[in-house]
Amino acid sequence: MIARFRAMKPQELAAAAFRLRELGIVLALVGVVIFFGARATNFLTGSNWQDIAQNVSIVVVVAVGETMVILTRNIDLSVGSIVGLCGYLVAATLVHHPSIPVEVVALISIAIGLGLGVVNGLLVAVARIPAIIATLATLAIFRGIDAEITGGKNITAYQLPDRFLRLAASKPAGFPALAWIAVGVAVLGAAMLRWAPWARDFYAIGSNPDAARFAGIRAGRRVITAFALSGALAGLGGFLFASRFPTLDSFAANGFELTVITAVVIGGVNVFGGSGTILGVVLGAVLVATISDGFTLLRLSEFWKIFFNGLAIVVAVTIDALVTRRLQEALRRRRAGLLVAPGAGADA
């Protein structure tokens with residue numbers, strides 16, 4: 001077993017770590033289902049799992065974009081504000097133009113999110129502002145714009161056209177429409193990270209930004225691209241949020257970024273950049289949504305939901321740091337062994 005471990009390439013070691021992480025999430029999810037199934041009366045009902053699927057769909061869509069950013073060793077804290085702002089603009093557009101096609105509204109929301117994401121990317125890649133500072137600032141700025149647009153008012157479900165409200169309620173092939181959209185986004189995101197050369201660059205930049213630049217990768221452009229994708233998917237998330245929760249005001253999706261980042265980090269995307277998979281992110285999002293739903297059914301206070309998200313991030317980051325350190329030590333020892341072996345052979 002040890003010999004086999006030493007013979008593995010760095011990519012194989014990382015892949016093995018991902019598989020163990022994803023298996024751990026699946027086992028944790030099974031344990032959570034068993035626990036809440038025994039404690040909460042309605043937890044295992046079909047309607048409750050339909051609700052979980054709808055809620056997790058929005059998280060997955062936004063988390064795929066957040067994953068692109070974190071892979072480049074950055075972070076986007078503004079996604080919750082983008083979701084809230086785009087969600088309100090979607091609802092306001094439909095109120096004032098009820099005949100506009102829903103697909104056009106979705107594209108408008110994605111375009112707005114894309115523009116806001118590009119702003120984040122320019123602040124980080126061009127202005128050289130640390131991502132955590134830049135996106136913390138835009139989190140407040142975008143939320144302030146949302147508050148100014150709403151003017152303290154809200155939009156309720158009865159003001160919106162029925163064809164838009166039916167989107168969240170529809171279940172093609174017995175599966176919520178929002179979940180189908182999330183599956184499509186996740187598959188597309190996974191395919192891009194697997195086969196698109198420009199998306200593979202995200203891993204290289206996050207693993208070693210200096211080496212990536214020396215290799216000819218245009219790190220600045222790639223970072224802007226990652227933030228643009230994050231913003232665009234947050235815009236799509238805002239559209240889905242408006243269809244799922246059609247009563248919207250300036251506080252819509254407040255704190256949503258914490259849920260998204262929790263799902264991404266639990267899913268195995270290393271906050272230090274360079275590693276992670278979309279499958280892990282989806283599993284992380286399902287686990288977070290399932291636990292949140294269980295807390296709600298048990299009528300636990302909002303404090304415990306926030307506490308869990310914070311604790312989960314700390315634990316996941318600690319595990320990532322330990323695993324990364326162990327992998328680096330193993331690779332250093334193996335390289336040292338390879339350097340010593342030829343010398344030993346020559347002496348003999």
# chains A, B, ... in the order shown; residues from 1 in each chain; ligands from 1
$ closest_atom_pairs --of "region 184-273 of chain A" --to "region 99-116 of chain A" --cutoff "8 Å" --atoms "only C-alpha atoms" --output "CSV"
residue,atom,partner,partner_atom,distance
A:Ala228,CA,A:Leu114,CA,5.1
A:Leu229,CA,A:Leu114,CA,6.7
A:Ser230,CA,A:Leu114,CA,7.6
A:Gly231,CA,A:Gly113,CA,4.5
A:Ala232,CA,A:Leu114,CA,4.0
A:Leu233,CA,A:Ile110,CA,6.7
A:Ala234,CA,A:Gly113,CA,6.1
A:Gly235,CA,A:Gly113,CA,4.2
A:Leu236,CA,A:Ile110,CA,5.1
A:Gly238,CA,A:Ser109,CA,7.1
A:Phe239,CA,A:Ala106,CA,6.0
$ write_last_selection --atoms "N, CA and C atoms" --output "mmCIF file, in the first residue's frame"
data_model
loop_
_atom_site.group_PDB
_atom_site.id
_atom_site.type_symbol
_atom_site.label_atom_id
_atom_site.label_comp_id
_atom_site.auth_asym_id
_atom_site.auth_seq_id
_atom_site.Cartn_x
_atom_site.Cartn_y
_atom_site.Cartn_z
ATOM 1 N N ALA A 228 -16.495 37.107 -13.744
ATOM 2 C CA ALA A 228 -17.626 37.336 -14.653
ATOM 3 C C ALA A 228 -18.585 36.153 -14.628
ATOM 4 N N LEU A 229 -18.037 34.934 -14.648
ATOM 5 C CA LEU A 229 -18.889 33.743 -14.566
ATOM 6 C C LEU A 229 -19.633 33.686 -13.241
ATOM 7 N N SER A 230 -18.931 34.036 -12.166
ATOM 8 C CA SER A 230 -19.580 34.048 -10.850
ATOM 9 C C SER A 230 -20.736 35.040 -10.828
ATOM 10 N N GLY A 231 -20.510 36.224 -11.390
ATOM 11 C CA GLY A 231 -21.580 37.221 -11.433
ATOM 12 C C GLY A 231 -22.745 36.789 -12.302
ATOM 13 N N ALA A 232 -22.435 36.200 -13.477
ATOM 14 C CA ALA A 232 -23.497 35.749 -14.381
ATOM 15 C C ALA A 232 -24.360 34.678 -13.734
ATOM 16 N N LEU A 233 -23.734 33.721 -13.050
ATOM 17 C CA LEU A 233 -24.500 32.663 -12.400
ATOM 18 C C LEU A 233 -25.233 33.187 -11.171
ATOM 19 N N ALA A 234 -24.672 34.201 -10.501
ATOM 20 C CA ALA A 234 -25.415 34.848 -9.415
ATOM 21 C C ALA A 234 -26.638 35.577 -9.975
ATOM 22 N N GLY A 235 -26.489 36.146 -11.189
ATOM 23 C CA GLY A 235 -27.646 36.761 -11.846
ATOM 24 C C GLY A 235 -28.721 35.740 -12.171
ATOM 25 N N LEU A 236 -28.297 34.566 -12.679
ATOM 26 C CA LEU A 236 -29.250 33.482 -12.912
ATOM 27 C C LEU A 236 -29.867 33.039 -11.588
ATOM 28 N N GLY A 238 -30.394 34.927 -9.060
ATOM 29 C CA GLY A 238 -31.392 35.939 -8.701
ATOM 30 C C GLY A 238 -32.722 35.704 -9.398
ATOM 31 N N PHE A 239 -32.652 35.309 -10.672
ATOM 32 C CA PHE A 239 -33.874 34.976 -11.420
ATOM 33 C C PHE A 239 -34.594 33.801 -10.765
#
$ closest_atom_pairs --of "region 10-101 of chain A" --to "region 124-148 of chain A" --cutoff "9 Å" --atoms "only C-alpha atoms" --output "tab-separated table"
residue	atom	partner	partner_atom	distance
A:Asn74	CA	A:Ala131	CA	5.6
A:Ile75	CA	A:Ala131	CA	5.8
A:Asp76	CA	A:Thr135	CA	5.6
A:Leu77	CA	A:Thr135	CA	5.2
A:Ser78	CA	A:Leu139	CA	4.1
A:Val79	CA	A:Leu139	CA	7.4
A:Gly80	CA	A:Leu139	CA	7.5
A:Ser81	CA	A:Arg143	CA	5.2
A:Ile82	CA	A:Phe142	CA	6.6
A:Gly84	CA	A:Asp146	CA	7.5
A:Leu85	CA	A:Asp146	CA	5.2
A:Cys86	CA	A:Asp146	CA	8.7
A:Tyr88	CA	A:Asp146	CA	7.8
A:Leu89	CA	A:Asp146	CA	8.7
$ closest_residue --among "A:Asp210, A:Glu22, A:Asp293, A:Glu66" --to "Ala226 (chain A)" --atoms "only C-alpha atoms"
A:Glu66
$ closest_residue --among "A:Ser243, A:Ser275, A:Thr318, A:Thr262" --to "Gly87 (chain A)" --atoms "only C-alpha atoms"
A:Ser243
$ residues_around --residues "region 278-283 of chain A" --least-positions-apart "5" --cutoff "12 Å" --atoms "only C-alpha atoms" --output "PDB file with C-alpha atoms, in the first residue's frame"
ATOM      1  CA  ALA A  15      -7.811  12.924  -7.143  1.00  0.00           C
ATOM      2  CA  ALA A  17      -8.092  13.076  -1.776  1.00  0.00           C
ATOM      3  CA  PHE A  18     -11.131  14.443  -3.673  1.00  0.00           C
ATOM      4  CA  ARG A  19     -12.736  10.998  -3.811  1.00  0.00           C
ATOM      5  CA  LEU A  20     -12.253  10.520  -0.071  1.00  0.00           C
ATOM      6  CA  ARG A  21     -13.736  13.967   0.588  1.00  0.00           C
ATOM      7  CA  GLU A  22     -16.756  13.275  -1.631  1.00  0.00           C
ATOM      8  CA  LEU A  23     -17.266   9.861  -0.017  1.00  0.00           C
ATOM      9  CA  GLY A  24     -17.142  11.530   3.388  1.00  0.00           C
ATOM     10  CA  ILE A  25     -19.849  14.008   2.320  1.00  0.00           C
ATOM     11  CA  VAL A  26     -22.066  11.165   1.103  1.00  0.00           C
ATOM     12  CA  LEU A  27     -21.648   9.315   4.419  1.00  0.00           C
ATOM     13  CA  ALA A  28     -22.362  12.525   6.344  1.00  0.00           C
ATOM     14  CA  LEU A  29     -25.481  13.082   4.223  1.00  0.00           C
ATOM     15  CA  VAL A  30     -26.711   9.561   4.980  1.00  0.00           C
ATOM     16  CA  ALA A  53     -34.449  20.234  -4.194  1.00  0.00           C
ATOM     17  CA  VAL A  56     -30.561  23.601  -3.118  1.00  0.00           C
ATOM     18  CA  SER A  57     -30.957  24.419  -6.819  1.00  0.00           C
ATOM     19  CA  ILE A  58     -30.338  28.129  -6.249  1.00  0.00           C
ATOM     20  CA  VAL A  59     -27.328  27.377  -4.039  1.00  0.00           C
ATOM     21  CA  VAL A  60     -25.834  25.018  -6.641  1.00  0.00           C
ATOM     22  CA  VAL A  61     -26.184  27.533  -9.494  1.00  0.00           C
ATOM     23  CA  VAL A  62     -24.435  30.298  -7.552  1.00  0.00           C
ATOM     24  CA  ALA A  63     -21.900  27.893  -6.001  1.00  0.00           C
ATOM     25  CA  VAL A  64     -20.668  26.762  -9.428  1.00  0.00           C
ATOM     26  CA  GLY A  65     -19.678  30.345 -10.196  1.00  0.00           C
ATOM     27  CA  GLU A  66     -18.149  30.810  -6.740  1.00  0.00           C
ATOM     28  CA  THR A  67     -16.086  27.679  -7.366  1.00  0.00           C
ATOM     29  CA  MET A  68     -14.502  29.247 -10.460  1.00  0.00           C
ATOM     30  CA  ILE A  70     -12.038  30.222  -5.411  1.00  0.00           C
ATOM     31  CA  LEU A  71     -10.069  27.943  -7.733  1.00  0.00           C
ATOM     32  CA  ALA A 179     -33.487  21.479 -10.059  1.00  0.00           C
ATOM     33  CA  ALA A 182     -29.202  23.478 -11.513  1.00  0.00           C
ATOM     34  CA  VAL A 183     -28.262  20.075 -12.944  1.00  0.00           C
ATOM     35  CA  GLY A 184     -27.639  21.661 -16.355  1.00  0.00           C
ATOM     36  CA  VAL A 185     -25.441  24.389 -14.836  1.00  0.00           C
ATOM     37  CA  ALA A 186     -23.487  21.841 -12.763  1.00  0.00           C
ATOM     38  CA  VAL A 187     -22.885  19.539 -15.750  1.00  0.00           C
ATOM     39  CA  LEU A 188     -21.812  22.453 -17.948  1.00  0.00           C
ATOM     40  CA  GLY A 189     -19.519  23.804 -15.220  1.00  0.00           C
ATOM     41  CA  ALA A 190     -17.935  20.395 -14.644  1.00  0.00           C
ATOM     42  CA  ALA A 191     -17.408  19.927 -18.386  1.00  0.00           C
ATOM     43  CA  MET A 192     -15.705  23.315 -18.709  1.00  0.00           C
ATOM     44  CA  LEU A 193     -13.359  22.649 -15.790  1.00  0.00           C
ATOM     45  CA  ARG A 194     -12.569  19.241 -17.240  1.00  0.00           C
ATOM     46  CA  THR A 259     -24.579  29.573   2.499  1.00  0.00           C
ATOM     47  CA  VAL A 260     -22.897  29.439  -0.912  1.00  0.00           C
ATOM     48  CA  ILE A 261     -19.362  29.604   0.457  1.00  0.00           C
ATOM     49  CA  THR A 262     -20.225  26.964   3.067  1.00  0.00           C
ATOM     50  CA  ALA A 263     -21.433  24.604   0.321  1.00  0.00           C
ATOM     51  CA  VAL A 264     -18.325  25.230  -1.786  1.00  0.00           C
ATOM     52  CA  VAL A 265     -15.862  24.744   1.074  1.00  0.00           C
ATOM     53  CA  ILE A 266     -17.634  21.679   2.487  1.00  0.00           C
ATOM     54  CA  GLY A 267     -17.653  20.302  -1.062  1.00  0.00           C
ATOM     55  CA  GLY A 268     -13.870  20.181  -1.066  1.00  0.00           C
ATOM     56  CA  VAL A 269     -12.894  23.292  -3.007  1.00  0.00           C
ATOM     57  CA  ASN A 270      -9.683  24.412  -1.339  1.00  0.00           C
ATOM     58  CA  VAL A 288     -26.066  22.179   3.717  1.00  0.00           C
ATOM     59  CA  ALA A 289     -29.643  22.428   2.391  1.00  0.00           C
ATOM     60  CA  THR A 290     -30.639  19.156   4.078  1.00  0.00           C
TER      61      THR A 290
END
$ atom_distance --atom1 "CA of Val83 (chain A)" --atom2 "CA of Ala168 (chain A)"
16.3 Å
$ residues_around --residues "region 159-164 of chain A" --least-positions-apart "5" --cutoff "10 Å" --atoms "only C-alpha atoms" --output "compact mmCIF listing (two decimals) with C-alpha atoms, in the first residue's frame"
# COMPACT_ATOMS: atom_id res chain seq x y z
CA ALA A 91 -39.65 41.00 -10.35
CA ALA A 92 -39.82 44.75 -11.08
CA THR A 93 -39.37 44.12 -14.82
CA LEU A 94 -42.24 41.63 -14.84
CA VAL A 95 -44.47 43.98 -12.84
CA HIS A 96 -43.97 46.86 -15.28
CA HIS A 97 -43.79 44.70 -18.43
CA PRO A 98 -45.95 41.62 -17.73
CA SER A 99 -45.97 40.51 -21.36
CA PRO A 101 -41.04 36.59 -22.20
CA VAL A 102 -39.66 34.93 -19.08
CA GLU A 103 -36.60 33.76 -21.03
CA ALA A 169 -44.01 25.10 -9.16
CA ALA A 242 -37.42 35.56 -7.58
CA SER A 243 -39.41 32.62 -8.95
CA ARG A 244 -38.96 30.61 -5.74
CA PRO A 246 -41.65 35.98 -5.24
CA THR A 247 -42.03 38.44 -2.34
$ atom_distance --atom1 "CA of Thr45 (chain A)" --atom2 "CA of Ala173 (chain A)"
18.3 Å
$ closest_residue --among "A:Gly46, A:Gly37, A:Arg325, A:Gly310" --to "Gly174 (chain A)" --atoms "only C-alpha atoms"
A:Gly46
$ atom_distance --atom1 "CA of Phe307 (chain A)" --atom2 "CA of Gly255 (chain A)"
12.9 Å
